[in-house]
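coords.cif follows; it contains mmCIF, C-alpha atoms.
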```
data_input
loop_
_atom_site.label_atom_id
_atom_site.label_comp_id
_atom_site.auth_asym_id
_atom_site.auth_seq_id
_atom_site.Cartn_x
_atom_site.Cartn_y
_atom_site.Cartn_z
CA MET A 4 7.89 -8.46 33.37
CA ASP A 5 11.22 -8.76 31.63
CA GLU A 6 11.60 -7.18 28.23
CA ASN A 7 11.66 -9.34 25.14
CA ALA A 8 15.16 -9.31 23.66
CA SER A 9 13.76 -8.75 20.18
CA PHE A 10 12.44 -5.35 21.31
CA LEU A 11 15.68 -4.37 23.05
CA GLU A 12 17.71 -4.80 19.86
CA LEU A 13 15.74 -1.95 18.23
CA GLY A 14 17.52 0.47 20.53
CA THR A 15 20.97 -1.13 20.66
CA LYS A 16 22.04 -2.89 17.46
CA PRO A 17 23.65 -0.93 14.57
CA VAL A 18 20.99 0.84 12.51
CA GLY A 19 22.20 -0.53 9.18
CA ARG A 20 21.96 -4.15 10.36
CA LEU A 21 18.55 -3.53 11.93
CA LEU A 22 17.20 -1.93 8.76
CA LEU A 23 18.49 -4.88 6.74
CA LYS A 24 16.85 -7.32 9.17
CA TYR A 25 13.48 -5.59 9.31
CA ALA A 26 13.26 -4.23 5.78
CA THR A 27 14.35 -7.38 3.94
CA PRO A 28 11.31 -9.46 4.95
CA ALA A 29 9.00 -6.50 4.27
CA VAL A 30 10.58 -5.85 0.86
CA ILE A 31 10.35 -9.53 -0.07
CA ALA A 32 6.72 -9.59 1.04
CA MET A 33 5.80 -6.40 -0.84
CA THR A 34 7.68 -7.57 -3.93
CA ALA A 35 5.80 -10.86 -3.85
CA SER A 36 2.50 -9.03 -3.36
CA SER A 37 3.11 -6.64 -6.25
CA LEU A 38 4.30 -9.51 -8.44
CA TYR A 39 0.99 -11.20 -7.75
CA ASN A 40 -0.90 -8.07 -8.85
CA ILE A 41 1.08 -8.11 -12.08
CA VAL A 42 0.63 -11.85 -12.63
CA ASP A 43 -3.07 -11.54 -11.81
CA ALA A 44 -3.47 -8.85 -14.47
CA ILE A 45 -1.51 -11.00 -16.94
CA PHE A 46 -3.83 -13.96 -16.37
CA ILE A 47 -6.88 -11.72 -16.75
CA GLY A 48 -5.52 -9.88 -19.80
CA GLN A 49 -4.40 -13.03 -21.61
CA GLY A 50 -7.28 -15.24 -20.46
CA VAL A 51 -10.25 -12.85 -20.56
CA GLY A 52 -9.30 -9.88 -22.79
CA PRO A 53 -8.34 -6.17 -23.00
CA LEU A 54 -11.69 -4.92 -21.66
CA ALA A 55 -11.22 -7.15 -18.61
CA ILE A 56 -7.97 -5.28 -17.90
CA ALA A 57 -9.92 -2.01 -18.08
CA GLY A 58 -12.52 -3.50 -15.71
CA ILE A 59 -9.92 -4.65 -13.21
CA SER A 60 -8.26 -1.23 -13.42
CA LEU A 61 -11.54 0.37 -12.36
CA THR A 62 -11.63 -1.79 -9.22
CA PHE A 63 -8.30 -0.39 -8.05
CA PRO A 64 -9.70 2.91 -6.69
CA VAL A 65 -12.64 1.09 -5.08
CA MET A 66 -10.28 -1.29 -3.30
CA GLN A 67 -8.03 1.63 -2.42
CA MET A 68 -10.97 3.33 -0.72
CA THR A 69 -11.68 0.30 1.48
CA ALA A 70 -7.93 -0.15 2.07
CA ALA A 71 -7.83 3.43 3.38
CA PHE A 72 -9.92 2.42 6.39
CA GLY A 73 -7.88 -0.73 6.92
CA ALA A 74 -4.65 1.29 6.81
CA MET A 75 -6.00 3.76 9.35
CA ILE A 76 -6.41 0.87 11.78
CA GLY A 77 -3.48 -1.39 10.88
CA VAL A 78 -0.75 1.16 10.22
CA GLY A 79 -1.91 3.50 12.97
CA ALA A 80 -2.07 0.74 15.58
CA SER A 81 1.25 -0.85 14.55
CA THR A 82 3.01 2.51 14.81
CA LEU A 83 1.42 3.07 18.22
CA LEU A 84 2.52 -0.43 19.26
CA SER A 85 6.16 0.34 18.34
CA ILE A 86 6.07 3.60 20.28
CA LYS A 87 4.54 1.94 23.35
CA LEU A 88 7.17 -0.80 23.29
CA GLY A 89 9.85 1.91 23.18
CA GLU A 90 8.18 3.56 26.18
CA ARG A 91 7.98 0.11 27.88
CA ASP A 92 4.21 0.44 28.29
CA TYR A 93 3.59 -3.29 27.78
CA ASP A 94 0.02 -3.43 29.07
CA THR A 95 -1.14 -0.93 26.45
CA ALA A 96 0.92 -2.73 23.79
CA ARG A 97 -1.00 -5.97 24.42
CA ARG A 98 -4.37 -4.22 24.38
CA ILE A 99 -3.55 -2.64 21.01
CA LEU A 100 -3.50 -6.12 19.41
CA GLY A 101 -6.98 -6.98 20.74
CA ASN A 102 -8.38 -3.61 19.68
CA VAL A 103 -7.00 -4.10 16.15
CA VAL A 104 -8.89 -7.38 15.75
CA VAL A 105 -12.20 -5.90 16.92
CA LEU A 106 -11.86 -2.73 14.86
CA ASN A 107 -10.98 -4.66 11.69
CA VAL A 108 -13.99 -6.95 12.07
CA ILE A 109 -16.34 -3.99 12.57
CA MET A 110 -14.85 -1.94 9.74
CA GLY A 111 -14.69 -4.88 7.35
CA LEU A 112 -18.35 -5.80 7.90
CA VAL A 113 -19.66 -2.24 7.57
CA LEU A 114 -17.69 -1.38 4.43
CA GLY A 115 -18.27 -4.74 2.76
CA THR A 116 -22.03 -4.52 3.29
CA LEU A 117 -22.27 -0.95 2.02
CA MET A 118 -20.19 -1.72 -1.07
CA LEU A 119 -22.29 -4.78 -1.94
CA CYS A 120 -25.52 -2.79 -1.61
CA PHE A 121 -24.39 0.01 -3.93
CA ILE A 122 -21.81 -1.69 -6.16
CA ASP A 123 -23.12 -0.59 -9.59
CA PRO A 124 -23.58 3.13 -8.76
CA ILE A 125 -20.14 3.14 -7.13
CA LEU A 126 -18.45 1.55 -10.16
CA PHE A 127 -20.13 3.94 -12.61
CA PHE A 128 -19.08 6.85 -10.40
CA PHE A 129 -15.51 5.57 -10.50
CA GLY A 130 -15.47 5.56 -14.30
CA ALA A 131 -17.03 2.26 -15.41
CA THR A 132 -18.81 2.08 -18.76
CA GLU A 133 -21.37 -0.35 -20.13
CA LEU A 134 -18.49 -2.28 -21.73
CA THR A 135 -16.44 -2.67 -18.54
CA VAL A 136 -18.89 -2.61 -15.62
CA SER A 137 -19.71 -6.33 -15.78
CA TYR A 138 -16.03 -7.27 -15.38
CA ALA A 139 -15.55 -4.85 -12.49
CA ARG A 140 -18.79 -5.99 -10.80
CA ASP A 141 -17.94 -9.69 -11.01
CA PHE A 142 -14.56 -9.03 -9.39
CA MET A 143 -15.75 -6.69 -6.65
CA MET A 144 -18.75 -8.78 -5.56
CA VAL A 145 -16.40 -11.55 -4.46
CA ILE A 146 -13.80 -9.23 -2.93
CA MET A 147 -16.35 -7.25 -0.89
CA ALA A 148 -18.07 -10.42 0.34
CA GLY A 149 -14.76 -11.29 2.02
CA ASN A 150 -13.83 -7.77 3.11
CA VAL A 151 -13.50 -8.75 6.79
CA ILE A 152 -10.88 -11.32 5.83
CA THR A 153 -8.88 -8.74 3.89
CA HIS A 154 -8.95 -6.26 6.79
CA LEU A 155 -7.82 -8.89 9.27
CA TYR A 156 -5.10 -10.13 6.92
CA PHE A 157 -3.47 -6.72 6.52
CA GLY A 158 -4.12 -5.60 10.10
CA LEU A 159 -2.54 -8.69 11.70
CA ASN A 160 0.42 -8.52 9.33
CA ALA A 161 1.08 -4.95 10.49
CA MET A 162 0.96 -6.21 14.09
CA LEU A 163 3.46 -8.98 13.31
CA ARG A 164 5.98 -6.45 11.97
CA ALA A 165 5.56 -4.12 14.94
CA ALA A 166 5.81 -7.04 17.39
CA SER A 167 9.31 -7.90 16.10
CA GLN A 168 8.14 -10.76 13.87
CA PRO A 169 9.10 -9.37 10.44
CA ARG A 170 9.92 -12.83 9.08
CA ASN A 171 6.45 -14.16 9.90
CA ALA A 172 4.89 -11.06 8.33
CA MET A 173 6.93 -11.76 5.21
CA MET A 174 5.93 -15.42 5.14
CA ALA A 175 2.25 -14.52 5.53
CA THR A 176 2.43 -12.43 2.37
CA ILE A 177 4.47 -15.02 0.48
CA TYR A 178 2.04 -17.81 1.40
CA SER A 179 -0.85 -15.67 0.19
CA VAL A 180 0.90 -14.90 -3.09
CA ILE A 181 1.85 -18.53 -3.74
CA LEU A 182 -1.71 -19.70 -3.13
CA ASN A 183 -3.01 -16.90 -5.37
CA VAL A 184 -0.70 -17.77 -8.23
CA MET A 185 -1.64 -21.44 -7.96
CA LEU A 186 -5.40 -20.90 -7.76
CA CYS A 187 -5.78 -18.03 -10.23
CA PRO A 188 -4.96 -19.92 -13.47
CA LEU A 189 -6.87 -22.96 -12.17
CA PHE A 190 -10.04 -20.94 -11.60
CA ILE A 191 -9.71 -18.84 -14.80
CA TYR A 192 -8.53 -21.39 -17.36
CA VAL A 193 -9.55 -24.80 -16.00
CA PHE A 194 -12.83 -24.00 -14.27
CA GLY A 195 -13.69 -21.16 -16.66
CA TRP A 196 -14.75 -18.76 -13.93
CA GLY A 197 -13.11 -15.74 -15.58
CA ILE A 198 -12.49 -12.59 -13.60
CA ARG A 199 -14.65 -13.88 -10.74
CA GLY A 200 -12.26 -16.81 -10.39
CA ALA A 201 -9.34 -14.39 -9.95
CA ALA A 202 -11.19 -12.67 -7.11
CA LEU A 203 -12.09 -15.98 -5.47
CA ALA A 204 -8.43 -17.05 -5.60
CA THR A 205 -7.49 -13.86 -3.74
CA MET A 206 -10.05 -14.38 -0.99
CA LEU A 207 -9.26 -18.07 -0.43
CA SER A 208 -5.53 -17.38 -0.17
CA GLN A 209 -6.05 -14.53 2.33
CA ALA A 210 -8.47 -16.59 4.42
CA THR A 211 -5.93 -19.41 4.68
CA VAL A 212 -3.21 -17.03 5.84
CA VAL A 213 -5.51 -15.34 8.40
CA VAL A 214 -5.95 -18.74 10.07
CA TRP A 215 -2.16 -19.03 10.30
CA GLN A 216 -1.83 -15.47 11.67
CA PHE A 217 -4.31 -16.31 14.44
CA HIS A 218 -2.23 -19.39 15.24
CA LEU A 219 0.90 -17.21 15.57
CA PHE A 220 -0.75 -14.77 17.97
CA ASN A 221 -2.11 -17.65 20.06
CA ASN A 222 1.44 -18.81 20.82
CA LYS A 223 1.90 -18.46 24.59
CA ARG A 224 5.67 -18.03 24.15
CA GLU A 225 5.16 -14.74 22.31
CA PHE A 226 5.35 -11.49 24.25
CA ILE A 227 2.52 -9.86 22.28
CA ARG A 228 -0.28 -12.41 21.91
CA PHE A 229 -4.02 -13.00 22.19
CA GLN A 230 -5.24 -13.24 25.78
CA ARG A 231 -8.28 -12.41 27.86
CA GLY A 232 -9.07 -8.80 28.59
CA ILE A 233 -7.43 -7.17 25.55
CA TYR A 234 -10.44 -7.05 23.21
CA LYS A 235 -12.51 -4.35 24.90
CA LEU A 236 -12.17 -1.17 22.84
CA LYS A 237 -10.25 1.53 24.70
CA LYS A 238 -10.95 5.10 23.70
CA ARG A 239 -7.34 6.23 24.05
CA ILE A 240 -6.04 3.35 21.89
CA VAL A 241 -8.70 3.81 19.20
CA LYS A 242 -8.23 7.58 19.13
CA ALA A 243 -4.41 7.39 19.01
CA SER A 244 -4.48 4.68 16.33
CA PHE A 245 -6.87 6.69 14.18
CA MET A 246 -4.85 9.87 14.60
CA ILE A 247 -1.55 8.23 13.66
CA GLY A 248 -3.26 6.23 10.92
CA MET A 249 -4.89 9.33 9.46
CA SER A 250 -1.92 9.86 7.16
CA PRO A 251 -2.08 6.47 5.36
CA PHE A 252 -5.88 6.79 5.42
CA LEU A 253 -5.69 10.08 3.55
CA ILE A 254 -3.00 8.75 1.20
CA ASN A 255 -5.30 5.93 0.14
CA LEU A 256 -8.44 8.07 0.11
CA THR A 257 -6.88 10.83 -1.95
CA GLY A 258 -5.33 8.18 -4.19
CA CYS A 259 -8.86 6.90 -4.73
CA THR A 260 -10.05 10.44 -5.54
CA VAL A 261 -7.21 10.94 -8.00
CA ALA A 262 -7.99 7.61 -9.66
CA ILE A 263 -11.57 8.78 -10.21
CA PHE A 264 -10.37 11.99 -11.85
CA ILE A 265 -7.84 10.11 -13.99
CA ASN A 266 -10.30 7.42 -15.11
CA LYS A 267 -13.00 9.93 -15.97
CA SER A 268 -10.54 12.20 -17.79
CA LEU A 269 -9.21 9.23 -19.78
CA LEU A 270 -12.77 8.41 -20.86
CA ILE A 271 -13.50 12.04 -21.77
CA TYR A 272 -10.33 12.54 -23.83
CA GLY A 273 -9.75 8.90 -24.78
CA ASN A 274 -11.58 5.57 -24.36
CA ASP A 275 -11.64 2.27 -22.44
CA LEU A 276 -8.31 1.20 -23.93
CA ASP A 277 -6.64 4.27 -22.42
CA VAL A 278 -8.02 3.18 -19.03
CA ALA A 279 -6.63 -0.32 -19.62
CA SER A 280 -3.28 1.18 -20.63
CA TYR A 281 -3.11 3.27 -17.48
CA GLY A 282 -3.94 0.18 -15.40
CA MET A 283 -1.05 -1.80 -16.89
CA CYS A 284 1.49 1.03 -16.62
CA ASN A 285 0.40 1.75 -13.07
CA ARG A 286 0.86 -1.89 -12.07
CA VAL A 287 4.43 -1.94 -13.37
CA ALA A 288 5.31 1.34 -11.62
CA PHE A 289 3.60 0.17 -8.46
CA PHE A 290 5.92 -2.84 -8.33
CA PHE A 291 8.86 -0.55 -7.52
CA ILE A 292 6.77 1.67 -5.25
CA MET A 293 5.78 -1.42 -3.27
CA ILE A 294 9.47 -2.19 -2.67
CA VAL A 295 9.89 1.33 -1.28
CA LEU A 296 6.85 0.78 0.94
CA GLY A 297 8.53 -2.41 2.15
CA LEU A 298 11.58 -0.37 3.13
CA CYS A 299 9.26 2.00 4.99
CA GLN A 300 7.67 -0.92 6.84
CA GLY A 301 11.16 -2.02 7.90
CA MET A 302 11.97 1.52 8.98
CA GLN A 303 8.78 2.02 11.00
CA PRO A 304 9.43 -0.19 14.09
CA ILE A 305 13.05 1.05 14.34
CA VAL A 306 12.07 4.71 14.12
CA GLY A 307 8.98 4.28 16.32
CA TYR A 308 10.87 2.46 19.09
CA ASN A 309 13.81 4.89 19.16
CA TYR A 310 11.53 7.91 18.96
CA GLY A 311 9.64 6.55 21.98
CA ALA A 312 13.00 5.98 23.69
CA ARG A 313 14.08 9.58 22.82
CA ASN A 314 17.10 8.42 20.80
CA THR A 315 17.14 11.08 18.08
CA GLN A 316 20.47 10.05 16.55
CA ARG A 317 19.24 6.56 15.71
CA VAL A 318 15.97 7.94 14.37
CA HIS A 319 17.74 10.25 11.91
CA SER A 320 20.29 7.63 10.92
CA THR A 321 17.50 5.17 10.07
CA LEU A 322 15.73 7.81 8.00
CA ILE A 323 18.79 8.68 5.90
CA LYS A 324 19.67 5.06 5.20
CA THR A 325 16.09 4.32 4.16
CA ILE A 326 16.02 7.31 1.79
CA ILE A 327 19.25 6.14 0.10
CA CYS A 328 17.91 2.60 -0.38
CA ALA A 329 14.55 3.83 -1.68
CA THR A 330 16.19 6.17 -4.19
CA VAL A 331 18.30 3.34 -5.59
CA VAL A 332 15.16 1.20 -6.05
CA VAL A 333 13.11 3.81 -7.92
CA CYS A 334 16.08 4.77 -10.11
CA ILE A 335 16.34 1.13 -11.19
CA GLY A 336 12.58 1.16 -11.81
CA GLY A 337 12.81 4.26 -13.96
CA LEU A 338 15.55 2.71 -16.10
CA VAL A 339 13.60 -0.54 -16.56
CA GLY A 340 10.48 1.32 -17.68
CA LEU A 341 12.34 3.62 -20.08
CA LEU A 342 14.55 0.91 -21.61
CA PHE A 343 12.13 -2.02 -21.88
CA PRO A 344 8.57 -0.63 -22.17
CA ARG A 345 7.41 -2.86 -25.03
CA GLN A 346 8.60 -6.06 -23.36
CA LEU A 347 6.78 -5.10 -20.16
CA ILE A 348 3.46 -4.35 -21.86
CA ARG A 349 3.51 -7.48 -24.05
CA CYS A 350 3.30 -9.54 -20.88
CA PHE A 351 -0.24 -8.24 -20.32
CA THR A 352 -1.76 -8.26 -23.80
CA THR A 353 -1.32 -9.22 -27.45
CA ASP A 354 -3.51 -6.36 -28.69
CA GLU A 355 -1.11 -4.30 -30.86
CA HIS A 356 -3.05 -1.04 -30.57
CA LEU A 357 -3.10 -1.31 -26.78
CA ILE A 358 0.62 -2.13 -26.77
CA GLU A 359 1.48 0.98 -28.80
CA LEU A 360 -0.62 3.20 -26.55
CA SER A 361 0.94 1.78 -23.40
CA VAL A 362 4.54 2.07 -24.61
CA HIS A 363 3.97 5.78 -25.21
CA TYR A 364 2.44 6.25 -21.77
CA VAL A 365 5.17 4.29 -19.96
CA PHE A 366 7.73 6.95 -20.99
CA ILE A 367 5.56 9.68 -19.51
CA LEU A 368 4.79 7.93 -16.22
CA PHE A 369 8.31 6.64 -15.54
CA CYS A 370 10.29 9.81 -16.25
CA THR A 371 9.92 11.09 -12.65
CA LEU A 372 9.80 7.72 -10.88
CA PRO A 373 13.38 8.18 -9.52
CA ILE A 374 12.35 11.11 -7.29
CA ILE A 375 9.29 9.72 -5.55
CA GLY A 376 11.13 7.28 -3.25
CA PHE A 377 12.33 10.24 -1.17
CA GLN A 378 8.81 11.60 -0.80
CA ILE A 379 7.30 8.25 0.20
CA VAL A 380 9.97 7.58 2.84
CA VAL A 381 9.74 11.03 4.44
CA THR A 382 5.93 10.88 4.57
CA ASN A 383 6.14 7.50 6.32
CA TYR A 384 8.85 8.86 8.63
CA PHE A 385 6.57 11.62 9.93
CA GLN A 386 3.86 9.00 10.42
CA SER A 387 6.28 6.70 12.30
CA ILE A 388 7.20 9.38 14.83
CA GLY A 389 3.58 10.44 15.31
CA VAL A 390 3.98 13.89 13.70
CA VAL A 391 0.48 13.66 12.31
CA LYS A 392 -0.01 17.13 10.84
CA LYS A 393 3.07 17.05 8.61
CA SER A 394 2.39 13.49 7.54
CA ILE A 395 -1.18 14.37 6.62
CA PHE A 396 -0.10 17.48 4.73
CA LEU A 397 2.42 15.51 2.68
CA SER A 398 -0.19 12.85 2.05
CA LEU A 399 -2.50 15.50 0.65
CA SER A 400 0.04 17.66 -1.17
CA ARG A 401 0.90 15.34 -4.06
CA GLN A 402 -2.63 14.08 -4.62
CA LEU A 403 -4.99 16.97 -3.92
CA ILE A 404 -2.89 20.12 -4.05
CA PHE A 405 -0.78 19.32 -7.11
CA LEU A 406 -2.04 16.27 -9.01
CA ILE A 407 -5.79 16.88 -9.26
CA PRO A 408 -5.44 20.46 -10.55
CA ALA A 409 -2.95 19.18 -13.12
CA VAL A 410 -5.40 16.43 -14.17
CA VAL A 411 -8.09 19.06 -14.64
CA ILE A 412 -5.95 21.65 -16.48
CA LEU A 413 -3.39 19.82 -18.66
CA PRO A 414 -5.83 17.73 -20.78
CA HIS A 415 -7.38 20.96 -22.10
CA PHE A 416 -4.08 21.69 -23.83
CA MET A 417 -2.59 18.22 -24.39
CA GLY A 418 -5.58 15.91 -24.68
CA VAL A 419 -5.23 12.41 -23.22
CA ASP A 420 -1.44 12.91 -22.92
CA GLY A 421 -2.16 15.69 -20.44
CA VAL A 422 -3.84 13.20 -18.10
CA PHE A 423 -0.65 11.16 -17.98
CA TRP A 424 1.67 14.18 -17.73
CA SER A 425 -0.25 15.41 -14.67
CA ILE A 426 1.32 12.58 -12.64
CA PRO A 427 4.99 13.63 -13.17
CA VAL A 428 4.00 17.26 -12.54
CA GLY A 429 2.48 16.29 -9.18
CA ASP A 430 5.56 14.22 -8.29
CA VAL A 431 8.01 17.07 -8.89
CA ALA A 432 5.98 19.63 -6.92
CA ALA A 433 5.38 17.25 -4.01
CA THR A 434 9.06 16.27 -3.79
CA PHE A 435 10.14 19.90 -3.40
CA THR A 436 7.51 20.39 -0.68
CA THR A 437 8.66 17.24 1.13
CA ALA A 438 12.30 18.38 1.09
CA ILE A 439 11.37 21.71 2.68
CA LEU A 440 9.34 20.10 5.49
CA LEU A 441 12.08 17.56 6.23
CA TRP A 442 14.69 20.33 6.45
CA LEU A 443 12.48 22.22 8.92
CA GLU A 444 11.96 19.06 11.01
CA MET A 445 15.70 18.33 11.12
CA ARG A 446 16.38 21.88 12.29
CA ARG A 447 13.72 21.50 14.98
CA THR A 448 15.13 18.27 16.43
CA LYS A 449 18.80 19.27 15.88
CA GLY A 450 19.94 15.67 16.22
CA LYS A 451 23.30 14.46 15.01
CA VAL A 452 23.21 11.63 12.50
CA GLU A 453 25.28 8.51 12.90
CA ILE A 454 26.12 7.10 9.49
#
```
Would you mind writing the file's structure down as structure tokens?
Amino acid sequence: MDENASFLELGTKPVGRLLLKYATPAVIAMTASSLYNIVDAIFIGQGVGPLAIAGISLTFPVMQMTAAFGAMIGVGASTLLSIKLGERDYDTARRILGNVVVLNVIMGLVLGTLMLCFIDPILFFFGATELTVSYARDFMMVIMAGNVITHLYFGLNAMLRAASQPRNAMMATIYSVILNVMLCPLFIYVFGWGIRGAALATMLSQATVVVWQFHLFNNKREFIRFQRGIYKLKKRIVKASFMIGMSPFLINLTGCTVAIFINKSLLIYGNDLDVASYGMCNRVAFFFIMIVLGLCQGMQPIVGYNYGARNTQRVHSTLIKTIICATVVVCIGGLVGLLFPRQLIRCFTTDEHLIELSVHYVFILFCTLPIIGFQIVVTNYFQSIGVVKKSIFLSLSRQLIFLIPAVVILPHFMGVDGVFWSIPVGDVAATFTTAILLWLEMRRTKGKVEI
């Protein structure tokens, strides 16, 4: 069968133009997604109250834990798909799509059921209190009931990007965000459903987009599409997907673990308002991190294809250009946070005490934001070329090796400020570690870089 021209361009067109083509839709999609998270929190904070922000902040690590399993499937399989296309193994590439659908349905059902059965103990373990648990429970009951939809939504979007449909992947996210933003205020303010209405808006918007994604993959003109015989789980595809996806799985899982430590430490040395403050600051910082992740999504099919095709020069060139773009983004983010902290926080709440707390914490959290773009890109680079061990180590280094010990130690000397300062400490240590591993990898491959 003849190759699809959209795959061939990954190995022939100038790297800069390819990165712009593939990263732009991903960045737009991630920006829209993170904007929704911010707008969602604004609706909840303004429409329900400060404790609702604390409650929604507590759901973040729970959702991150379930997202870890989704990422292991979606990111792992999409990376494998890019590599197989580069190797011109088209039969396996088609089977990967079918396996992704089956695995996401199984994983979504199992995790959703378990979370619904043990929701209260899980939330209290993650740092909920009697004042905030009702808000977190109302939100998570709806989200977990539709967990299969969420897994399919993210998994199929990853497949669209890897199958050279970055624009459709972007539009899927944008459609979801637009529907969310339309439904959220309607359900919260008009229908009076509160935080549960925000969750319902999320699930309805994702379900609508999943229907559209299935329509796209049923198009007979597409090279990678749904067809008979691709849905039977293949051990080699499942194993390879899980191995490659182990890095994003551990990133999300360790992020969940860190969130538990941070939330519990904030409650020990502070109170629920400190948890709410961390949730707001984290959402603002995550907006810029999501843009970097969009750049990484654009980088992934280019790097994966050329690595499979043994074109080291193009692989390295893509990496360097992505690092430069990511660094510019997080530097802008750091400046915005340091120059306009009060204006950012006032969007979420009118509570003056909470505003003052958050302004102070924004300065702490944003001071090292400019350096983490490099670390995120390199970690995703190792994942994109299937170098699992280094990717996993980098995934663990910031969270487990550096950040958690800092969360445990610093508050003893600095109180609640120490909880926040542990994050910049982990960023600095992890960035140095990342630089060393990248230097060693570049020496190993000895490829010349085409700028």
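For the file shown, the residue list from the PyMOL selection byres ((chain A and resi 191) around 10) reads Phe46, Ile47, Gly50, Val51, Leu186, Cys187, Pro188, Leu189, Phe190, Tyr192, Val193, Phe194, Gly195, Trp196, Gly197, Ile198, Arg199, Gly200, Ala201, Ala202 and Ala204 of chain A.
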Given the file above and the PyMOL selection byres ((chain A and resi 241-258) around 10), which residues are selected, and can you give them as a PyMOL selection string?
chain A and resi 63-84+99+102-103+106+236-240+259-264+382-383+385-403+406-407
Shortest interatomic distance to A:Ala161 - which of A:Asn183, A:Pro304, A:Thr95, A:Thr205, counting all atoms listed in the file
A:Pro304
If the PyMOL selection byres ((chain A and resi 149) around 9) were run on this exact file, what residues would it hold? Put them as a VMD selection string.
chain A and resid 111 to 112 115 144 to 148 150 to 153 206 210
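Every protein, DNA or RNA residue with an atom at most 10 Å from A:Leu38, where all atoms listed in the file count and chain neighbours fewer than 6 positions away do not, is listed here: Ala32, Ala44, Val180, Val184, Arg286, Val287, Phe289, Phe290 and Met293 of chain A.
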Interatomic distance, atom CA of A:Ile125 to atom CA of A:Ser137 (Å, one decimal)
12.8 Å
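Atom CA of A:Ile348 lies 11.7 Å from atom CA of A:Gln49.
Distance annotation: of A:Ala96, A:Met302, A:Ser361, A:Leu296, the residue with the minimal separation from A:Val332 is A:Leu296; atom set is all atoms listed in the file.
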Output, as AutoDock Vina command-line options, the centre and edge lengths in Å (one decimal) of the axis-aligned box that contains all listed atoms of stretch 171-190 of chain A with 8 Å of margin on each side.
```
--center_x -1.6 --center_y -17.0 --center_z -1.8 --size_x 33.0 --size_y 27.9 --size_z 39.4
```
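Distance check against A:Pro414 using only C-alpha atoms: of A:Val428, A:Ile379, A:Leu269, A:Leu298, the minimum falls on A:Leu269.
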What does the distance between atom CA of A:Ala288 and atom CA of A:Ser37 come to in Å, to one decimal place?
9.9 Å
Quick one: everything within 6 Å of A:Gly311, counting only C-alpha atoms, minus sequence neighbours fewer than 6 positions away in the same chain. Send it as number ranges by chain.
A: 86, 89-90
Residue selection dump (C-alpha atoms) as a PDB file, keeping the file's coordinate frame:
```
ATOM      1  CA  ILE A  86       6.070   3.600  20.280  1.00  0.00           C
ATOM      2  CA  GLY A  89       9.850   1.910  23.180  1.00  0.00           C
ATOM      3  CA  GLU A  90       8.180   3.560  26.180  1.00  0.00           C
TER       4      GLU A  90
END
```
Could you pull stretch 281-292 of chain A out of the block above and give me N, CA and C atoms, as a compact mmCIF listing (two decimals), in the first residue's frame?
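Result written to selection.txt:
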```txt
# COMPACT_ATOMS: atom_id res chain seq x y z
N TYR A 281 -3.24 27.46 46.97
CA TYR A 281 -2.37 26.62 46.15
C TYR A 281 -3.09 26.19 44.87
N GLY A 282 -4.38 25.85 44.98
CA GLY A 282 -5.15 25.45 43.81
C GLY A 282 -5.21 26.54 42.76
N MET A 283 -5.43 27.80 43.20
CA MET A 283 -5.51 28.91 42.24
C MET A 283 -4.15 29.19 41.61
N CYS A 284 -3.11 29.26 42.42
CA CYS A 284 -1.76 29.52 41.90
C CYS A 284 -1.33 28.43 40.92
N ASN A 285 -1.65 27.20 41.28
CA ASN A 285 -1.26 26.07 40.45
C ASN A 285 -1.96 26.11 39.10
N ARG A 286 -3.23 26.54 39.09
CA ARG A 286 -3.97 26.64 37.84
C ARG A 286 -3.35 27.67 36.90
N VAL A 287 -2.93 28.81 37.47
CA VAL A 287 -2.32 29.85 36.64
C VAL A 287 -0.98 29.36 36.07
N ALA A 288 -0.15 28.74 36.92
CA ALA A 288 1.14 28.23 36.45
C ALA A 288 0.93 27.13 35.42
N PHE A 289 -0.09 26.31 35.65
CA PHE A 289 -0.34 25.18 34.76
C PHE A 289 -0.75 25.64 33.37
N PHE A 290 -1.29 26.84 33.26
CA PHE A 290 -1.65 27.39 31.95
C PHE A 290 -0.43 27.43 31.04
N PHE A 291 0.70 27.92 31.57
CA PHE A 291 1.92 28.03 30.77
C PHE A 291 2.57 26.65 30.57
N ILE A 292 2.45 25.80 31.58
CA ILE A 292 2.99 24.44 31.45
C ILE A 292 2.24 23.68 30.36
```
